[in-house]
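Shown next: final_18.pdb, containing PDB, C-alpha atoms and all ligand atoms.
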ATOM      1  CA  MET K  41     -85.445 196.615-114.822  1.00  0.00           C
ATOM      2  CA  ALA K  42     -86.506 195.565-118.269  1.00  0.00           C
ATOM      3  CA  ILE K  43     -85.007 195.037-121.679  1.00  0.00           C
ATOM      4  CA  LEU K  44     -86.699 197.320-124.201  1.00  0.00           C
ATOM      5  CA  ASP K  45     -87.239 196.741-127.940  1.00  0.00           C
ATOM      6  CA  ILE K  46     -84.760 198.625-130.120  1.00  0.00           C
ATOM      7  CA  LEU K  47     -86.197 200.126-133.321  1.00  0.00           C
ATOM      8  CA  THR K  48     -84.375 199.314-136.551  1.00  0.00           C
ATOM      9  CA  PHE K  49     -83.624 201.551-139.536  1.00  0.00           C
ATOM     10  CA  PRO K  50     -85.639 202.530-141.631  1.00  0.00           C
ATOM     11  CA  ASP K  51     -88.389 202.589-138.962  1.00  0.00           C
ATOM     12  CA  PRO K  52     -89.931 206.100-139.250  1.00  0.00           C
ATOM     13  CA  ARG K  53     -90.144 206.400-135.453  1.00  0.00           C
ATOM     14  CA  LEU K  54     -86.343 206.770-135.421  1.00  0.00           C
ATOM     15  CA  ARG K  55     -86.881 210.081-137.240  1.00  0.00           C
ATOM     16  CA  LYS K  56     -88.912 211.657-134.438  1.00  0.00           C
ATOM     17  CA  LYS K  57     -87.318 214.501-132.511  1.00  0.00           C
ATOM     18  CA  ALA K  58     -87.059 213.994-128.757  1.00  0.00           C
ATOM     19  CA  GLN K  59     -88.409 216.566-126.303  1.00  0.00           C
ATOM     20  CA  PRO K  60     -86.535 217.848-123.241  1.00  0.00           C
ATOM     21  CA  VAL K  61     -87.098 216.149-119.885  1.00  0.00           C
ATOM     22  CA  GLU K  62     -88.813 218.644-117.602  1.00  0.00           C
ATOM     23  CA  GLN K  63     -88.239 216.869-114.338  1.00  0.00           C
ATOM     24  CA  VAL K  64     -85.896 214.021-113.480  1.00  0.00           C
ATOM     25  CA  ASP K  65     -88.187 211.864-111.362  1.00  0.00           C
ATOM     26  CA  ASP K  66     -88.419 208.150-110.555  1.00  0.00           C
ATOM     27  CA  ARG K  67     -90.098 207.428-113.882  1.00  0.00           C
ATOM     28  CA  ILE K  68     -87.176 208.941-115.770  1.00  0.00           C
ATOM     29  CA  ARG K  69     -84.681 207.101-113.537  1.00  0.00           C
ATOM     30  CA  ARG K  70     -86.471 203.822-114.243  1.00  0.00           C
ATOM     31  CA  LEU K  71     -86.272 204.547-117.976  1.00  0.00           C
ATOM     32  CA  VAL K  72     -82.533 205.318-117.641  1.00  0.00           C
ATOM     33  CA  ASP K  73     -81.996 201.989-115.841  1.00  0.00           C
ATOM     34  CA  ASP K  74     -83.998 200.094-118.474  1.00  0.00           C
ATOM     35  CA  MET K  75     -82.017 201.802-121.233  1.00  0.00           C
ATOM     36  CA  LEU K  76     -78.739 200.805-119.585  1.00  0.00           C
ATOM     37  CA  GLU K  77     -79.882 197.210-119.213  1.00  0.00           C
ATOM     38  CA  THR K  78     -81.024 197.189-122.857  1.00  0.00           C
ATOM     39  CA  MET K  79     -77.698 198.673-124.013  1.00  0.00           C
ATOM     40  CA  TYR K  80     -75.599 196.133-122.076  1.00  0.00           C
ATOM     41  CA  ALA K  81     -77.774 193.216-123.236  1.00  0.00           C
ATOM     42  CA  ALA K  82     -77.632 194.234-126.925  1.00  0.00           C
ATOM     43  CA  PRO K  83     -74.565 194.569-126.450  1.00  0.00           C
ATOM     44  CA  GLY K  84     -73.769 198.179-127.302  1.00  0.00           C
ATOM     45  CA  ILE K  85     -71.827 201.169-125.980  1.00  0.00           C
ATOM     46  CA  GLY K  86     -74.537 203.800-126.348  1.00  0.00           C
ATOM     47  CA  LEU K  87     -78.304 204.097-126.582  1.00  0.00           C
ATOM     48  CA  ALA K  88     -80.677 207.017-127.093  1.00  0.00           C
ATOM     49  CA  ALA K  89     -84.282 207.067-125.822  1.00  0.00           C
ATOM     50  CA  THR K  90     -85.581 207.543-129.389  1.00  0.00           C
ATOM     51  CA  GLN K  91     -84.142 204.100-130.248  1.00  0.00           C
ATOM     52  CA  VAL K  92     -86.553 202.513-127.762  1.00  0.00           C
ATOM     53  CA  ASP K  93     -89.447 204.681-129.034  1.00  0.00           C
ATOM     54  CA  VAL K  94     -89.387 207.227-126.200  1.00  0.00           C
ATOM     55  CA  GLN K  95     -89.179 210.799-127.480  1.00  0.00           C
ATOM     56  CA  ARG K  96     -87.292 212.225-124.516  1.00  0.00           C
ATOM     57  CA  ARG K  97     -83.804 213.731-124.584  1.00  0.00           C
ATOM     58  CA  ILE K  98     -81.975 210.969-122.710  1.00  0.00           C
ATOM     59  CA  ILE K  99     -78.875 209.017-123.693  1.00  0.00           C
ATOM     60  CA  VAL K 100     -76.793 206.380-121.934  1.00  0.00           C
ATOM     61  CA  ILE K 101     -73.210 205.479-122.796  1.00  0.00           C
ATOM     62  CA  ASP K 102     -70.527 203.142-121.499  1.00  0.00           C
ATOM     63  CA  VAL K 103     -67.272 203.081-123.462  1.00  0.00           C
ATOM     64  CA  SER K 104     -65.224 201.528-120.624  1.00  0.00           C
ATOM     65  CA  GLU K 105     -63.476 198.218-121.292  1.00  0.00           C
ATOM     66  CA  GLY K 106     -65.017 196.588-118.243  1.00  0.00           C
ATOM     67  CA  HIS K 107     -68.529 197.818-119.136  1.00  0.00           C
ATOM     68  CA  ASP K 108     -68.751 199.139-115.591  1.00  0.00           C
ATOM     69  CA  THR K 109     -68.800 202.921-116.071  1.00  0.00           C
ATOM     70  CA  PRO K 110     -72.327 203.850-117.134  1.00  0.00           C
ATOM     71  CA  LEU K 111     -72.894 207.478-118.122  1.00  0.00           C
ATOM     72  CA  CYS K 112     -76.288 209.092-118.324  1.00  0.00           C
ATOM     73  CA  PHE K 113     -76.976 212.393-120.086  1.00  0.00           C
ATOM     74  CA  ILE K 114     -80.377 214.011-119.721  1.00  0.00           C
ATOM     75  CA  ASN K 115     -81.068 217.003-122.009  1.00  0.00           C
ATOM     76  CA  PRO K 116     -77.503 216.846-123.377  1.00  0.00           C
ATOM     77  CA  ARG K 117     -76.233 219.868-125.270  1.00  0.00           C
ATOM     78  CA  LEU K 118     -72.957 220.267-127.136  1.00  0.00           C
ATOM     79  CA  VAL K 119     -71.455 223.585-126.059  1.00  0.00           C
ATOM     80  CA  ALA K 120     -68.113 223.240-127.862  1.00  0.00           C
ATOM     81  CA  ARG K 121     -66.619 221.127-130.629  1.00  0.00           C
ATOM     82  CA  GLU K 122     -63.095 221.092-131.983  1.00  0.00           C
ATOM     83  CA  GLY K 123     -61.147 219.374-134.753  1.00  0.00           C
ATOM     84  CA  THR K 124     -62.305 216.533-136.970  1.00  0.00           C
ATOM     85  CA  GLU K 125     -61.919 212.803-136.685  1.00  0.00           C
ATOM     86  CA  GLN K 126     -62.925 209.814-138.781  1.00  0.00           C
ATOM     87  CA  MET K 127     -64.073 206.634-137.123  1.00  0.00           C
ATOM     88  CA  ASP K 128     -65.937 203.488-138.139  1.00  0.00           C
ATOM     89  CA  GLU K 129     -69.366 203.679-136.549  1.00  0.00           C
ATOM     90  CA  GLY K 130     -72.057 201.113-136.013  1.00  0.00           C
ATOM     91  CA  CYS K 131     -75.477 201.466-134.424  1.00  0.00           C
ATOM     92  CA  LEU K 132     -77.850 199.147-132.558  1.00  0.00           C
ATOM     93  CA  SER K 133     -80.606 200.440-134.869  1.00  0.00           C
ATOM     94  CA  VAL K 134     -78.560 199.600-137.989  1.00  0.00           C
ATOM     95  CA  PRO K 135     -77.381 196.117-137.006  1.00  0.00           C
ATOM     96  CA  GLY K 136     -74.469 194.574-138.857  1.00  0.00           C
ATOM     97  CA  PHE K 137     -73.192 197.687-140.646  1.00  0.00           C
ATOM     98  CA  PHE K 138     -70.123 199.820-139.979  1.00  0.00           C
ATOM     99  CA  GLU K 139     -69.247 202.928-141.981  1.00  0.00           C
ATOM    100  CA  THR K 140     -66.671 205.693-141.650  1.00  0.00           C
ATOM    101  CA  VAL K 141     -68.142 208.929-140.324  1.00  0.00           C
ATOM    102  CA  THR K 142     -66.439 212.311-139.871  1.00  0.00           C
ATOM    103  CA  ARG K 143     -67.194 214.081-136.600  1.00  0.00           C
ATOM    104  CA  ALA K 144     -65.659 216.594-134.191  1.00  0.00           C
ATOM    105  CA  GLU K 145     -62.586 215.235-132.432  1.00  0.00           C
ATOM    106  CA  ARG K 146     -63.281 216.858-129.080  1.00  0.00           C
ATOM    107  CA  VAL K 147     -66.579 218.029-127.617  1.00  0.00           C
ATOM    108  CA  THR K 148     -67.833 219.629-124.460  1.00  0.00           C
ATOM    109  CA  VAL K 149     -71.271 218.525-123.370  1.00  0.00           C
ATOM    110  CA  GLU K 150     -73.592 219.896-120.698  1.00  0.00           C
ATOM    111  CA  ALA K 151     -76.381 217.724-119.327  1.00  0.00           C
ATOM    112  CA  LEU K 152     -78.225 216.575-116.225  1.00  0.00           C
ATOM    113  CA  ASP K 153     -77.210 213.334-114.534  1.00  0.00           C
ATOM    114  CA  ARG K 154     -79.494 210.545-113.243  1.00  0.00           C
ATOM    115  CA  ASP K 155     -80.182 212.638-110.134  1.00  0.00           C
ATOM    116  CA  GLY K 156     -81.085 215.716-112.155  1.00  0.00           C
ATOM    117  CA  GLN K 157     -77.814 217.474-111.278  1.00  0.00           C
ATOM    118  CA  PRO K 158     -76.182 219.560-114.023  1.00  0.00           C
ATOM    119  CA  PHE K 159     -72.675 218.609-115.127  1.00  0.00           C
ATOM    120  CA  ARG K 160     -70.225 219.441-117.879  1.00  0.00           C
ATOM    121  CA  LEU K 161     -67.874 216.974-119.540  1.00  0.00           C
ATOM    122  CA  ASP K 162     -64.968 217.332-121.968  1.00  0.00           C
ATOM    123  CA  ALA K 163     -64.644 214.271-124.177  1.00  0.00           C
ATOM    124  CA  ASP K 164     -62.427 213.032-126.979  1.00  0.00           C
ATOM    125  CA  GLY K 165     -61.854 209.789-128.895  1.00  0.00           C
ATOM    126  CA  LEU K 166     -64.553 207.140-128.804  1.00  0.00           C
ATOM    127  CA  LEU K 167     -66.544 208.901-126.070  1.00  0.00           C
ATOM    128  CA  ALA K 168     -66.739 212.131-128.104  1.00  0.00           C
ATOM    129  CA  VAL K 169     -67.908 210.185-131.172  1.00  0.00           C
ATOM    130  CA  CYS K 170     -70.459 208.284-129.118  1.00  0.00           C
ATOM    131  CA  ILE K 171     -71.897 211.468-127.564  1.00  0.00           C
ATOM    132  CA  GLN K 172     -72.321 213.058-131.020  1.00  0.00           C
ATOM    133  CA  HIS K 173     -73.852 209.853-132.439  1.00  0.00           C
ATOM    134  CA  GLU K 174     -76.394 209.628-129.596  1.00  0.00           C
ATOM    135  CA  ILE K 175     -77.333 213.329-129.634  1.00  0.00           C
ATOM    136  CA  ASP K 176     -77.984 212.897-133.378  1.00  0.00           C
ATOM    137  CA  HIS K 177     -80.508 210.166-132.475  1.00  0.00           C
ATOM    138  CA  LEU K 178     -82.387 212.639-130.254  1.00  0.00           C
ATOM    139  CA  ASP K 179     -82.734 214.893-133.294  1.00  0.00           C
ATOM    140  CA  GLY K 180     -84.032 212.035-135.454  1.00  0.00           C
ATOM    141  CA  LYS K 181     -80.710 211.584-137.223  1.00  0.00           C
ATOM    142  CA  LEU K 182     -78.801 208.346-137.820  1.00  0.00           C
ATOM    143  CA  PHE K 183     -75.142 207.731-138.642  1.00  0.00           C
ATOM    144  CA  VAL K 184     -76.185 206.558-142.102  1.00  0.00           C
ATOM    145  CA  ASP K 185     -77.238 210.161-142.818  1.00  0.00           C
ATOM    146  CA  HIS K 186     -73.528 211.026-142.750  1.00  0.00           C
ATOM    147  CA  ILE K 187     -72.607 208.564-145.543  1.00  0.00           C
ATOM    148  CA  SER K 188     -73.431 208.522-149.265  1.00  0.00           C
ATOM    149  CA  ILE K 189     -77.034 208.072-150.412  1.00  0.00           C
ATOM    150  CA  LEU K 190     -76.009 204.995-152.381  1.00  0.00           C
ATOM    151  CA  LYS K 191     -74.526 203.277-149.324  1.00  0.00           C
ATOM    152  CA  ARG K 192     -77.511 204.298-147.224  1.00  0.00           C
ATOM    153  CA  GLN K 193     -79.955 202.797-149.740  1.00  0.00           C
ATOM    154  CA  ARG K 194     -77.969 199.581-149.864  1.00  0.00           C
ATOM    155  CA  ILE K 195     -78.155 199.269-146.064  1.00  0.00           C
ATOM    156  CA  ARG K 196     -81.851 200.145-146.099  1.00  0.00           C
ATOM    157  CA  HIS K 197     -82.690 197.458-148.646  1.00  0.00           C
ATOM    158  CA  LYS K 198     -80.722 194.790-146.811  1.00  0.00           C
ATOM    159  CA  LEU K 199     -82.352 195.578-143.456  1.00  0.00           C
ATOM    160  CA  GLU K 200     -85.840 195.728-145.007  1.00  0.00           C
ATOM    161  CA  LYS K 201     -85.243 192.340-146.627  1.00  0.00           C
ATOM    162  CA  GLN K 202     -84.044 190.875-143.322  1.00  0.00           C
ATOM    163  CA  ARG K 203     -87.113 192.251-141.542  1.00  0.00           C
ATOM    164  CA  LYS K 204     -89.488 190.754-144.100  1.00  0.00           C
ATOM    165  CA  GLU K 205     -87.772 187.385-143.844  1.00  0.00           C
ATOM    166  CA  ARG K 206     -88.043 187.539-140.069  1.00  0.00           C
ATOM    167  CA  GLU K 207     -91.741 188.448-140.249  1.00  0.00           C
ATOM    168  CA  HIS K 208     -92.430 185.584-142.684  1.00  0.00           C
ATOM    169  CA  ALA K 209     -90.666 183.123-140.412  1.00  0.00           C
ATOM    170  CA  GLU K 210     -92.607 184.381-137.384  1.00  0.00           C
ATOM    171  CA  ALA K 211     -95.922 184.204-139.259  1.00  0.00           C
ATOM    172  CA  ALA K 212     -95.154 180.661-140.378  1.00  0.00           C
ATOM    173  CA  ARG K 213     -94.286 179.697-136.820  1.00  0.00           C
ATOM    174  CA  ALA K 214     -97.499 181.278-135.499  1.00  0.00           C
ATOM    175  CA  ARG K 215     -99.552 179.400-138.121  1.00  0.00           C
ATOM    176  CA  SER K 216     -97.976 176.077-137.295  1.00  0.00           C
ATOM    177  CA  THR K 217     -98.706 176.441-133.580  1.00  0.00           C
ATOM    178  CA  ALA K 218    -102.213 177.906-134.101  1.00  0.00           C
ATOM    179  CA  GLU K 219    -103.418 175.044-136.261  1.00  0.00           C
ATOM    180  CA  PRO K 220    -105.458 172.498-134.317  1.00  0.00           C
ATOM    181  CA  ARG K 221    -104.001 169.065-134.322  1.00  0.00           C
ATOM    182  CA  ARG K 222    -106.006 166.613-136.328  1.00  0.00           C
ATOM    183  CA  SER K 223    -105.933 162.965-135.615  1.00  0.00           C
ATOM    184  CA  ALA K 224    -107.243 160.355-137.951  1.00  0.00           C
ATOM    185  CA  ILE K 225    -109.871 158.160-136.425  1.00  0.00           C
TER     186      ILE K 225
HETATM  187 ZN    ZN K 301     -77.054 204.550-132.843  1.00  0.00          ZN
END
Conversion result in structure tokens:
Amino acid sequence: MAILDILTFPDPRLRKKAQPVEQVDDRIRRLVDDMLETMYAAPGIGLAATQVDVQRRIIVIDVSEGHDTPLCFINPRLVAREGTEQMDEGCLSVPGFFETVTRAERVTVEALDRDGQPFRLDADGLLAVCIQHEIDHLDGKLFVDHISILKRQRIRHKLEKQRKEREHAEAARARSTAEPRRSAI
């Protein structure tokens, strides 16, 4: 297994729409396992393939308290939604920010599991929110699209600034190690 790089907002690759998985084979299973490992390491409770720059309709979720109940949804599809609920949401691709988002309170989702078997699941509470959040990712949508433009721009500017600072620091580090040592003789 491997820990994958998670793209950060406003990376344009997060806006790509994921394509359905045609066949659940070993390659897909390996990706699912890597996504789970990446999600647990982050740590997070959900991850979509688009967040690790793979445009396939795959999401993994674990909302259990013991972090021991991994769920995998391949080609997930919401077939029913009911009620509305507001919850504070965060996202591994929008690190450090939490905003209130309105979503359906209960959903029914149909998907394939890690073995390619179809299943149907009724969800409410945090799991329902998480499923909707992750399916949004597969359509190139982020939770910040559900909040005001002003708030979204504020988050965007802060994350862009952080990324630039990080890149400067890395470049400075690379320069300092690349420079040959000079000794006076
Ligand atoms: Zn997210």
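Each of K:Pro116, K:Pro158, K:Gly180, K:Pro60 was checked against ligand ZN 301 (chain K) using all atoms listed in the file; the smallest atom-to-atom distance is that of K:Gly180.
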List all protein, DNA and RNA residues that have any atom at most 9 Å from ligand ZN 301 (chain K), counting only C-alpha atoms and all ligand atoms, and write the list as an MDAnalysis selection string.
chainID K and resid 86:88 91 129:134 170 173:174 176:177 182:183
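Taking all atoms listed in the file into account, the protein, DNA and RNA residues within 6 Å of (-72.8, 220.5, -125.5) read K:Arg117, K:Leu118, K:Val119, K:Ala120, K:Thr148, K:Val149, K:Glu150.
Taking atom CA of Asp155 of chain K as the reference point, atom CA of Val100 of chain K is found at 13.8 Å.
Put simply, atom CA of Asp185 of chain K is 22.5 Å away from atom CA of Ala82 of chain K.
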So, counting only C-alpha atoms, which residue among K:Arg143, K:Ser104, K:Glu122, K:Val72 is closest to Asp162 of chain K?
K:Glu122
Point (-85.0, 194.1, -124.7) neighbourhood (12 Å, only C-alpha atoms) written as a ChimeraX atom specification
/K:41-47,74-83,91-92,132
Name the closest residue to Arg97 of chain K among the candidates K:Asp66, K:Asp179, K:Asp73, K:Asp128; distances are taken between atoms, counting only C-alpha atoms.
K:Asp179
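Interatomic distance, atom CA of Ile171 of chain K against atom CA of Arg196 of chain K: 23.9 Å.
Compared by their closest atoms to Arg146 of chain K, and using only C-alpha atoms, the residues K:Gln126, K:Arg222, K:Ala168, K:Arg194 rank with K:Ala168 nearest.
Residue nearest Ala144 of chain K within the list K:Gly123, K:Pro50, K:Gly106, K:Gly156: K:Gly123 [criterion: smallest interatomic distance, all atoms listed in the file].
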Find, counting all atoms listed in the file, the residue in K:Arg160, K:Cys112, K:Lys181, K:Pro135 that gets nearest to Glu200 of chain K.
K:Pro135
Explicit residues for the PyMOL selection byres (((chain K and resi 154) around 12) and not hetatm) (as number ranges by chain):
K: 61, 63-73, 76, 98-100, 110-115, 151-153, 155-159
Could you list the residues chosen by the PyMOL selection byres (((chain K and resi 142) around 7) and not hetatm) in this structure as a PDB file with C-alpha atoms, keeping the file's coordinate frame?
ATOM      1  CA  THR K 124     -62.305 216.533-136.970  1.00  0.00           C
ATOM      2  CA  GLU K 125     -61.919 212.803-136.685  1.00  0.00           C
ATOM      3  CA  GLN K 126     -62.925 209.814-138.781  1.00  0.00           C
ATOM      4  CA  MET K 127     -64.073 206.634-137.123  1.00  0.00           C
ATOM      5  CA  THR K 140     -66.671 205.693-141.650  1.00  0.00           C
ATOM      6  CA  VAL K 141     -68.142 208.929-140.324  1.00  0.00           C
ATOM      7  CA  ARG K 143     -67.194 214.081-136.600  1.00  0.00           C
TER       8      ARG K 143
END
